[in-house]
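Novice: protein.txt is reproduced below (compact mmCIF, C-alpha atoms).
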```txt
# COMPACT_ATOMS: atom_id res chain seq x y z
CA MET A 799 0.00 0.00 0.00
CA ILE A 800 1.43 3.36 -1.06
CA LEU A 801 0.50 6.37 1.05
CA THR A 802 1.05 9.99 0.04
CA ASN A 803 -0.36 13.28 1.23
CA ILE A 804 -0.21 14.89 -2.20
CA GLU A 805 -2.77 14.60 -4.96
CA SER A 806 -0.89 12.00 -6.97
CA VAL A 807 1.70 9.26 -6.63
CA PRO A 808 4.88 10.48 -8.34
CA GLY A 809 6.00 8.10 -11.08
CA MET A 810 2.59 6.42 -11.27
CA ARG A 811 -0.69 6.94 -13.03
CA ILE A 812 -4.04 6.80 -11.26
CA THR A 813 -6.39 4.34 -12.98
CA GLY A 814 -9.33 4.19 -10.59
CA HIS A 815 -10.93 5.98 -7.65
CA TYR A 816 -12.65 4.24 -4.76
CA GLY A 817 -13.72 7.19 -2.64
CA MET A 818 -12.76 8.29 0.82
CA VAL A 819 -11.39 5.92 3.44
CA SER A 820 -10.76 6.77 7.07
CA GLY A 821 -9.58 5.30 10.32
CA SER A 822 -9.82 6.64 13.84
CA THR A 823 -8.72 5.62 17.27
CA VAL A 824 -8.89 6.91 20.83
CA ARG A 825 -6.11 5.67 23.05
CA ALA A 826 -5.09 6.19 26.67
CA LYS A 827 -2.15 5.18 28.80
CA ASN A 828 -2.49 3.37 32.12
CA PHE A 829 -2.82 5.31 35.37
CA VAL A 830 0.79 4.71 36.44
CA LYS A 831 2.09 6.42 33.30
CA ASP A 832 -0.50 9.19 33.71
CA PHE A 833 0.81 9.81 37.22
CA GLY A 834 4.40 9.85 36.00
CA ALA A 835 3.51 12.27 33.21
CA GLY A 836 1.75 14.49 35.75
CA LEU A 837 4.95 14.75 37.77
CA LYS A 838 7.02 15.38 34.66
CA ASN A 839 4.53 18.04 33.69
CA MET A 840 5.55 20.10 36.74
CA VAL A 841 9.22 20.32 35.73
CA GLY A 842 8.66 20.58 31.97
CA GLY A 843 10.25 18.80 29.03
CA GLU A 844 9.10 16.04 26.74
CA LEU A 845 6.49 13.56 27.95
CA LYS A 846 7.91 10.37 26.46
CA SER A 847 5.02 8.14 27.45
CA TYR A 848 2.53 10.46 25.74
CA THR A 849 4.71 10.68 22.66
CA GLU A 850 4.56 6.89 22.55
CA LEU A 851 0.79 7.09 22.96
CA LEU A 852 0.52 9.45 20.02
CA GLU A 853 2.74 7.20 17.91
CA GLU A 854 0.60 4.14 18.69
CA ALA A 855 -2.56 6.07 17.94
CA ARG A 856 -1.21 7.28 14.60
CA LYS A 857 -0.16 3.74 13.60
CA GLU A 858 -3.52 2.32 14.60
CA ALA A 859 -5.48 4.96 12.68
CA ILE A 860 -3.40 4.44 9.54
CA SER A 861 -3.68 0.65 9.73
CA ARG A 862 -7.47 0.89 10.02
CA MET A 863 -7.57 3.19 7.03
CA ILE A 864 -5.37 0.77 5.05
CA GLN A 865 -7.62 -2.16 5.98
CA GLN A 866 -10.60 -0.31 4.63
CA ALA A 867 -8.77 0.54 1.40
CA GLU A 868 -7.66 -3.07 0.93
CA LYS A 869 -11.23 -4.22 1.26
CA LEU A 870 -12.16 -1.93 -1.62
CA GLY A 871 -9.35 -3.30 -3.77
CA ALA A 872 -7.20 -0.17 -3.84
CA ASN A 873 -3.42 -0.22 -3.87
CA ALA A 874 -2.69 3.35 -2.81
CA ILE A 875 -4.16 6.10 -0.64
CA ILE A 876 -3.56 9.68 -1.72
CA ASN A 877 -4.11 13.00 0.02
CA VAL A 878 -3.85 11.49 3.50
CA ARG A 879 -4.53 13.90 6.34
CA PHE A 880 -4.72 13.81 10.10
CA ALA A 881 -7.06 15.39 12.56
CA THR A 882 -6.46 15.19 16.29
CA SER A 883 -8.52 16.15 19.27
CA ALA A 884 -8.29 15.96 23.02
CA ILE A 885 -11.34 14.14 24.29
CA THR A 886 -10.34 13.95 27.92
CA SER A 887 -7.02 14.52 29.67
CA GLY A 888 -4.55 11.72 29.06
CA ALA A 889 -6.29 10.40 25.97
CA ALA A 890 -5.61 11.19 22.34
CA GLU A 891 -7.86 10.82 19.36
CA VAL A 892 -6.20 10.54 15.97
CA TYR A 893 -8.36 10.47 12.86
CA SER A 894 -6.75 9.87 9.50
CA TYR A 895 -8.47 10.08 6.15
CA GLY A 896 -7.61 9.93 2.48
CA THR A 897 -8.77 8.84 -0.96
CA ALA A 898 -8.32 5.22 -1.99
CA VAL A 899 -7.12 4.84 -5.56
CA LYS A 900 -5.65 2.28 -7.90
CA VAL A 901 -2.29 3.22 -9.40
CA GLN A 902 -0.19 1.81 -12.18
CA SER A 903 3.46 2.59 -12.76
CA ILE A 904 4.30 4.58 -15.88
CA GLU A 905 6.62 2.37 -17.87
CA GLY A 906 9.42 3.87 -19.93
CA MET B 888 2.61 30.73 55.65
CA GLY B 889 3.66 27.17 54.97
CA ASP B 890 1.65 27.15 51.77
CA ILE B 891 3.39 30.26 50.45
CA ILE B 892 6.83 28.79 51.16
CA LEU B 893 5.84 25.58 49.39
CA ILE B 894 4.63 27.46 46.32
CA LEU B 895 7.78 29.62 46.23
CA LEU B 896 9.93 26.51 46.52
CA LEU B 897 8.00 24.81 43.74
CA LEU B 898 8.33 27.91 41.55
CA GLY B 899 12.07 28.06 42.15
CA ILE B 900 12.63 24.41 41.36
CA THR B 901 10.41 24.37 38.27
CA TYR B 902 11.99 27.61 37.00
CA ALA B 903 15.42 25.98 37.20
CA THR B 904 14.44 22.62 35.67
CA GLY B 905 12.24 24.21 33.02
CA SER B 906 14.85 26.66 31.80
CA ILE B 907 17.64 24.07 31.79
CA LEU B 908 15.54 21.57 29.86
CA GLU B 909 14.43 24.22 27.40
CA LYS B 910 17.97 25.48 26.80
CA ASN B 911 19.28 21.97 26.19
CA HIS B 912 16.37 21.17 23.92
CA PHE B 913 16.93 24.26 21.78
CA LYS B 914 20.63 23.43 21.55
CA ASN B 915 19.80 19.89 20.48
CA ILE B 916 17.25 21.10 17.91
CA LYS B 917 19.76 23.56 16.41
CA GLN B 918 22.43 20.89 16.03
CA ARG B 919 20.06 18.49 14.33
CA GLU B 920 18.71 21.20 12.04
CA ILE B 921 22.23 22.09 10.94
CA ALA B 922 22.97 18.42 10.23
CA LEU B 923 19.88 18.19 8.00
CA VAL B 924 20.24 21.57 6.31
CA LYS B 925 20.92 20.06 2.85
CA LYS B 926 17.71 18.01 2.83
CA PRO B 927 14.87 20.22 1.65
CA VAL B 928 11.51 20.07 3.34
CA VAL B 929 8.77 22.14 1.73
CA SER B 930 5.12 22.82 2.37
CA PHE B 931 4.10 22.94 -1.31
CA GLY B 932 3.90 20.12 -3.84
CA LYS B 933 0.27 19.17 -3.58
CA LYS B 934 -0.09 18.88 -7.35
CA LEU B 935 3.43 17.66 -7.89
CA THR B 936 4.41 16.48 -11.35
CA THR B 937 7.96 15.45 -12.00
CA ASP B 938 9.99 14.36 -15.02
CA LYS B 939 12.60 12.61 -12.92
CA LYS B 940 12.41 8.87 -12.34
CA VAL B 941 11.00 8.16 -8.91
CA LYS B 942 12.41 5.27 -6.92
CA LYS B 943 10.38 5.42 -3.76
CA VAL B 944 7.45 7.36 -2.35
CA GLU B 945 6.96 7.24 1.38
CA PHE B 946 4.53 8.78 3.84
CA VAL B 947 6.52 10.01 6.84
CA THR B 948 5.33 11.32 10.18
CA GLY B 949 6.91 12.66 13.34
CA GLU B 950 5.18 13.20 16.63
CA VAL B 951 6.04 14.70 19.99
CA VAL B 952 4.36 15.73 23.22
CA ILE B 953 6.00 18.61 25.11
CA SER B 954 4.80 19.89 28.45
CA GLY B 955 5.02 23.31 29.98
CA ASP B 956 6.17 23.64 33.57
CA TYR B 957 4.64 25.01 36.74
CA PHE B 958 6.63 28.24 36.63
CA LYS B 959 5.57 29.05 33.07
CA THR B 960 1.94 28.47 33.87
CA PHE B 961 2.20 30.67 36.95
CA VAL B 962 3.90 33.53 35.10
CA SER B 963 1.58 33.33 32.12
CA SER B 964 -1.47 33.65 34.36
CA PHE B 965 -0.24 37.20 35.20
CA ARG B 966 0.45 37.87 31.53
CA ASN B 967 -3.02 36.68 30.71
CA PHE B 968 -4.40 39.23 33.17
CA PHE B 969 -2.51 42.21 31.69
CA GLY B 970 -2.45 41.04 28.07
CA GLY B 971 0.41 40.91 25.59
CA ARG B 972 2.80 38.34 24.22
CA MET B 973 3.10 35.13 26.19
CA VAL B 974 6.75 34.46 25.41
CA SER B 975 6.98 31.40 27.65
CA PHE B 976 4.28 29.60 25.68
CA GLU B 977 5.58 30.79 22.32
CA SER B 978 8.86 29.02 22.95
CA LEU B 979 6.97 25.92 24.05
CA MET B 980 5.00 25.71 20.81
CA ASP B 981 8.11 26.50 18.77
CA ARG B 982 10.01 23.66 20.42
CA ALA B 983 7.22 21.17 19.88
CA ARG B 984 6.75 22.00 16.19
CA ARG B 985 10.43 22.03 15.35
CA GLU B 986 10.99 18.76 17.19
CA ALA B 987 8.11 17.08 15.33
CA ILE B 988 9.42 18.26 11.95
CA LEU B 989 12.93 17.07 12.83
CA ARG B 990 11.69 13.62 13.79
CA MET B 991 9.84 13.37 10.51
CA ARG B 992 12.95 14.38 8.57
CA GLU B 993 15.13 11.93 10.45
CA LYS B 994 12.82 9.09 9.41
CA ALA B 995 13.39 9.95 5.73
CA LYS B 996 17.14 10.46 5.74
CA ASN B 997 17.67 8.86 2.33
CA ALA B 998 14.90 10.77 0.57
CA ASN B 999 15.72 13.68 -1.72
CA ILE B 1000 12.85 15.91 -0.73
CA ILE B 1001 9.86 16.00 1.58
CA VAL B 1002 6.88 17.73 0.00
CA ASN B 1003 3.56 18.97 1.33
CA THR B 1004 4.58 19.07 4.97
CA ARG B 1005 1.64 19.61 7.28
CA LEU B 1006 1.41 20.16 11.02
CA GLU B 1007 -1.41 19.11 13.28
CA SER B 1008 -1.45 20.09 16.92
CA THR B 1009 -3.66 19.56 19.91
CA MET B 1010 -3.65 20.02 23.66
CA LEU B 1011 -3.80 16.70 25.47
CA ASN B 1012 -5.44 18.22 28.51
CA ASN B 1013 -8.19 20.73 28.27
CA CYS B 1014 -6.60 24.13 28.68
CA ASP B 1015 -9.85 25.98 28.12
CA ASP B 1016 -10.83 24.89 31.58
CA THR B 1017 -8.94 27.50 33.59
CA SER B 1018 -10.64 26.59 36.84
CA ASN B 1019 -8.69 23.33 36.88
CA ASN B 1020 -5.44 25.25 36.46
CA GLN B 1021 -3.94 22.47 34.38
CA LEU B 1022 -0.47 22.60 32.92
CA PRO B 1023 -0.26 22.63 29.13
CA GLN B 1024 0.69 19.54 27.16
CA VAL B 1025 1.19 20.19 23.46
CA ALA B 1026 0.94 17.26 21.07
CA VAL B 1027 2.16 17.86 17.52
CA ILE B 1028 2.09 15.54 14.51
CA ALA B 1029 4.10 16.55 11.44
CA TYR B 1030 3.57 14.65 8.22
CA GLY B 1031 4.65 14.78 4.61
CA THR B 1032 5.54 12.76 1.55
CA ALA B 1033 9.18 11.79 1.15
CA ILE B 1034 10.32 11.27 -2.43
CA THR B 1035 13.49 9.47 -3.47
CA TYR B 1036 14.64 9.94 -7.08
CA GLU B 1037 16.57 7.41 -9.08
CA ARG B 1038 20.15 8.44 -9.72
```
Would you mind giving the structure from this file in structure tokens?

Specialist:
Amino acid sequence: MILTNIESVPGMRITGHYGMVSGSTVRAKNFVKDFGAGLKNMVGGELKSYTELLEEARKEAISRMIQQAEKLGANAIINVRFATSAITSGAAEVYSYGTAVKVQSIEG
Amino acid sequence: MGDIILILLLLGITYATGSILEKNHFKNIKQREIALVKKPVVSFGKKLTTDKKVKKVEFVTGEVVISGDYFKTFVSSFRNFFGGRMVSFESLMDRARREAILRMREKAKNANIIVNTRLESTMLNNCDDTSNNQLPQVAVIAYGTAITYER
């Protein structure tokens, strides 16, 4: 599966559109990590456990989007975008969406 | 009386830790930006067409969560009262965005160019709720398309 966030796949030709696909996830860390992050929050700096959380959420959202695209028979997703929101403290929602397409490499 | 001493102590400690961490972080960011200065990263390229032969197209992301400290929040509450630039939070957002972009670029070290870079940011705790007096946590995701040309 090829992902891009531009309107084409460079070096390839789009042969079919399958419409919009999306994937979303809401994730939270356990209370021990929340407590640790709360302490770290007082002194400042990067919150590593929440960075991890965001990374996991992003991966999960993308994999759900890819699953949906595979079901439609697409082999690429173009114009991928993210939207994030804070639902409650310590939890992250990541929503990713794009257009599923079929691409073919331009030969020669 | 005891409460005031505790708050002053907390302010002193968090001022020291916060400023040291921020200084080191900015130093680190500068070094990494200099190391990557020859790799272009651009925010255009949405309708990219190229004549060059493309070897690989990759979707790259970088994410980071940076927190403010107790001292910054305390100082900015005064600033909020009188109005004006909140310098302490400006540097916080700047750090978070630059760090996210750097992480994205470091994932695509072999690519020739990263096009259509976009940034998405959110607060992990609800900062609108001032009654809770929560400390800010900025989450930033940077994403773009890394393109590698054939030589």

Novice: Between A:Ala884, A:Val819, A:Val878, A:Leu870, which is the closest to chain B once you count all atoms listed in the file?

Specialist: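 Checking each candidate against chain B, we get A:Ala884 as the closest.
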
Novice: Between atom CA of Phe958 of chain B and atom CA of Gly905 of chain B, what is the spacing in Å?

Specialist: 7.8 Å

Novice: How would you write as a ChimeraX atom specification the residues that get within 7 Å of (0.8, 11.1, 13.9) in the file's frame, counting only C-alpha atoms?

Specialist: /A:852-853,856 /B:948-950,1028-1029

Novice: Each residue of chain B with at least one atom at most 6 Å from chain A should appear once, together with its nearest atom pair and the corresponding distance in Å (one decimal); atoms considered: all atoms listed in the file; ordering: chain, then increasing residue number; output as a tab-separated table.

Specialist:
```
residue	atom	partner	partner_atom	distance
B:Thr901	CA	A:Val841	CA	4.9
B:Thr904	CA	A:Val841	CA	5.7
B:Gly905	CA	A:Gly842	CA	5.2
B:Lys933	CA	A:Ile804	CA	4.5
B:Lys934	CA	A:Glu805	CA	5.6
B:Val941	CA	A:Gly809	CA	5.5
B:Phe946	CA	A:Thr802	CA	5.3
B:Val951	CA	A:Thr849	CA	5.0
B:Val952	CA	A:Thr849	CA	5.1
B:Ile953	CA	A:Glu844	CA	4.3
B:Ser954	CA	A:Gly842	CA	5.3
B:Gly955	CA	A:Gly842	CA	5.0
B:Asp956	CA	A:Gly842	CA	4.3
B:Tyr957	CA	A:Met840	CA	5.0
B:Thr1009	CA	A:Ser883	CA	6.0
B:Leu1011	CA	A:Ala884	CA	5.2
B:Asn1012	CA	A:Ser887	CA	4.2
B:Thr1032	CA	A:Thr802	CA	5.5
```

Novice: Give the answer as one residue: which of B:Ile907, B:Met973, B:Ala1026, B:His912 has the shortest atom-to-atom distance to Lys959 of chain B, using all atoms listed in the file?

Specialist: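 Of B:Ile907, B:Met973, B:Ala1026, B:His912, the one nearest Lys959 of chain B is B:Met973, counting all atoms listed in the file.
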
Novice: Neighbouring residues of segment 917-930 of chain B were defined as those with any atom within 6 Å, considering all atoms listed in the file; residues of the same chain fewer than 4 positions away were excluded. Please report them as a count of residues only.

Specialist: 5

Novice: Give me, please, the distance in Å between atom CA of Leu897 of chain B and atom CA of Thr960 of chain B, quoted to one decimal.

Specialist: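 Going from atom CA of Leu897 of chain B over to atom CA of Thr960 of chain B covers 12.1 Å.
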
Novice: Just how far from atom CA of Gly814 of chain A is atom CA of Lys900 of chain A, in Å to one decimal?

Specialist: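 If I compute the distance from atom CA of Lys900 of chain A to atom CA of Gly814 of chain A, I get 4.9 Å.
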
Novice: Determine, counting all atoms listed in the file, every residue of protein, DNA or RNA that lies within 8 Å of (8.4, 18.2, 12.8) in the file coordinates, then give the result as a PyMOL selection string.

Specialist: chain B and resi 948-950+983-992+1006+1027-1030
